[in-house]
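Asker: Dumping the structure here so I can ask a few things about it.
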Amino acid sequence: MGTLRKINLAEKLSSFEEAFGPRIIGRYNGDKIQVTKVRGSFIWHAHQDTDDLILVLDGKLVVEARDGAVELGPGELVVVPAGLEHRTRAEPEAHILVVEPAGTLNTGDSGEVAAPEVEI
């Protein structure tokens with residue numbers, strides 16, 4: 001049996017400066033709950049077998065697909081369907097929460113080196 005553990009998102013986000021380096025802050029039914037910072041544009045990529053849930057905590061985030069984009073502010077989220085090529089963009093910076101299955105590479109199928117799965 002587990003125990004209850006409060007997670008302060010602002011504290012977790014203040015513990016690192018790196019952009020596009022998600023940090024795992026919890027687990028939920030086999031998924032990893034992560035926070036990360038977005039500055040500028042990330043690479044185009046897709047996750048062939050899994051959806052991505054992206055929730056904006058602070059700032060403005062644009063999630064682009066090849067056929068359009070959505071702009072999100074604090075408290076807004078989008079679910080990127082499996083297989084949809086996309087990228088995130090923020091100027092100057094956005095803080096986001098991402099939920100996806102453990103082992104999912106943040107760079108998807110791009111061939112780029114993925115950020116390591118770091119738990120904080």
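Following the order of the structure tokens, chains are lettered A, B, ..., residues in each are numbered from 1, and ligands are numbered from 1.
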From a DSSP calculation on the backbone, collect every residue of stretch 46-107 of chain A in strand (DSSP E) and output the set as a ChimeraX atom specification.

Answerer: /A:52-58,61-65,68-72,77-80,86-101

Asker: Skipping near chain neighbours, those fewer than 6 positions away, what residues fall within 7 Å of A:Glu93 using only C-alpha atoms, listed as a PyMOL selection string?

Answerer: chain A and resi 37-39+59

Asker: Could you save those same residues with N, CA and C atoms as a CSV table (one decimal), in the first residue's frame?

Answerer:
chain,number,residue,atom,x,y,z
A,37,LYS,N,9.7,22.9,-19.0
A,37,LYS,CA,9.7,24.3,-19.4
A,37,LYS,C,9.9,24.3,-20.9
A,38,VAL,N,9.2,25.1,-21.6
A,38,VAL,CA,9.3,25.3,-23.1
A,38,VAL,C,9.8,26.7,-23.4
A,39,ARG,N,10.9,26.8,-24.1
A,39,ARG,CA,11.4,28.1,-24.6
A,39,ARG,C,11.8,27.9,-26.1
A,59,GLY,N,2.3,30.8,-18.5
A,59,GLY,CA,2.7,31.3,-19.8
A,59,GLY,C,1.8,30.9,-20.9

Asker: From the list A:Gly108, A:Gly40, A:Pro116, A:Pro101, which residue is nearest A:Arg27 when using only C-alpha atoms?

Answerer: A:Pro101

Asker: Out of A:His86, A:Gly111, A:Val78, A:Leu97, which residue has the shortest atom-to-atom distance to A:Gly21 when counting only C-alpha atoms?

Answerer: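 Checking each of A:His86, A:Gly111, A:Val78, A:Leu97 against A:Gly21, counting only C-alpha atoms, the winner is A:Leu97.
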
Asker: Hey, what's within 10 Å of A:Ala10 if we count only C-alpha atoms and toss same-chain stuff fewer than 5 positions away? As a PyMOL selection string, please?

Answerer: chain A and resi 15+35+57-58+95

Asker: Under the rule that only C-alpha atoms are counted, which of A:Val62, A:Leu9, A:Ile43, A:Val70 is the nearest residue to A:Pro92?

Answerer: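 Of A:Val62, A:Leu9, A:Ile43, A:Val70, the one nearest A:Pro92 is A:Val62, counting only C-alpha atoms.
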
Asker: With only C-alpha atoms as the atoms that count, which of A:Ala82, A:Leu77, A:Leu53, A:Ala19 lies nearest to A:Val99?

Answerer: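 Checking each candidate against A:Val99, we get A:Leu53 as the closest.
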
Asker: When you draw a straight line from atom CA of A:Thr3 to atom CA of A:Ile33, how long is it in Å?

Answerer: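 Separation of atom CA of A:Thr3 and atom CA of A:Ile33: 17.1 Å.
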
Asker: As a list in words, please: the residues near A:Trp44 (cut-off 8 Å, only C-alpha atoms, same-chain neighbours under 6 positions excluded).

Answerer: Glu85, His86, Arg87 and Ser110 of chain A

Asker: Would you output that residue set with N, CA and C atoms, as an mmCIF file, in the first residue's frame?

Answerer:
data_model
loop_
_atom_site.group_PDB
_atom_site.id
_atom_site.type_symbol
_atom_site.label_atom_id
_atom_site.label_comp_id
_atom_site.auth_asym_id
_atom_site.auth_seq_id
_atom_site.Cartn_x
_atom_site.Cartn_y
_atom_site.Cartn_z
ATOM 1 N N GLU A 85 1.846 14.263 -35.958
ATOM 2 C CA GLU A 85 3.100 15.000 -35.883
ATOM 3 C C GLU A 85 2.822 16.385 -35.299
ATOM 4 N N HIS A 86 3.652 16.776 -34.339
ATOM 5 C CA HIS A 86 3.419 18.032 -33.639
ATOM 6 C C HIS A 86 4.711 18.571 -33.055
ATOM 7 N N ARG A 87 4.639 19.804 -32.586
ATOM 8 C CA ARG A 87 5.727 20.402 -31.812
ATOM 9 C C ARG A 87 5.124 21.474 -30.923
ATOM 10 N N SER A 110 11.291 11.157 -34.010
ATOM 11 C CA SER A 110 12.121 12.090 -34.769
ATOM 12 C C SER A 110 13.524 11.576 -35.066
#

Asker: May I ask which of the residues A:Pro22, A:Pro81, A:Gly68, A:Gly75 is the closest one to A:Ile120, counting only C-alpha atoms?

Answerer: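 Counting only C-alpha atoms, the residue closest to A:Ile120 is A:Pro22.
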
Asker: Ranking A:Ile7, A:Val63, A:Met1, A:Leu55 by minimum distance to A:Ile24 and counting only C-alpha atoms, which one comes first?

Answerer: A:Ile7

Asker: What does the distance from atom CA of A:Lys12 to atom CA of A:Gln48 come to in Å, to one decimal?

Answerer: 28.9 Å

Asker: Which of stretch 10-88 of chain A end up as alpha helix (DSSP H) when DSSP is run on this backbone - answer as a list in words?

Answerer: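 These are the residues in question: Ala10, Glu11, Lys12, Leu13 and Ser14 of chain A.
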
Asker: With C-alpha atoms retained, export the selected residues as a short mmCIF file (atom, residue, chain, number, x, y, z; two decimals), in the first residue's frame.

Answerer:
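Full text of selection11.cif as output:
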data_model
loop_
_atom_site.label_atom_id
_atom_site.label_comp_id
_atom_site.auth_asym_id
_atom_site.auth_seq_id
_atom_site.Cartn_x
_atom_site.Cartn_y
_atom_site.Cartn_z
CA ALA A 10 5.90 25.51 -8.60
CA GLU A 11 8.56 24.01 -6.32
CA LYS A 12 9.26 21.21 -8.78
CA LEU A 13 9.56 23.65 -11.69
CA SER A 14 11.87 25.94 -9.72
#

Asker: How far is it from atom CA of A:Arg89 to atom CA of A:Asn8, in Å with one decimal?

Answerer: 24.4 Å

Asker: Name the residues in contact with A:Gly30 at a cut-off of 10 Å, using only C-alpha atoms, excluding same-chain residues fewer than 6 positions from it; report them as a list in words.

Answerer: Glu100, Pro101, Ala102 and Gly103 of chain A

Asker: Those same residues - N, CA and C atoms - I'd like them written as a PDB file, in the first residue's frame.

Answerer:
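Dumped to again-v1.pdb:
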ATOM      1  N   GLU A 100       2.012  10.935 -20.042  1.00  0.00           N
ATOM      2  CA  GLU A 100       2.191   9.953 -21.105  1.00  0.00           C
ATOM      3  C   GLU A 100       2.731   8.667 -20.495  1.00  0.00           C
ATOM      4  N   PRO A 101       2.629   7.536 -21.207  1.00  0.00           N
ATOM      5  CA  PRO A 101       3.109   6.277 -20.656  1.00  0.00           C
ATOM      6  C   PRO A 101       4.604   6.302 -20.334  1.00  0.00           C
ATOM      7  N   ALA A 102       4.990   5.634 -19.255  1.00  0.00           N
ATOM      8  CA  ALA A 102       6.409   5.497 -18.905  1.00  0.00           C
ATOM      9  C   ALA A 102       7.152   4.926 -20.098  1.00  0.00           C
ATOM     10  N   GLY A 103       8.349   5.423 -20.317  1.00  0.00           N
ATOM     11  CA  GLY A 103       9.165   4.946 -21.428  1.00  0.00           C
ATOM     12  C   GLY A 103       8.961   5.705 -22.724  1.00  0.00           C
TER      13      GLY A 103
END
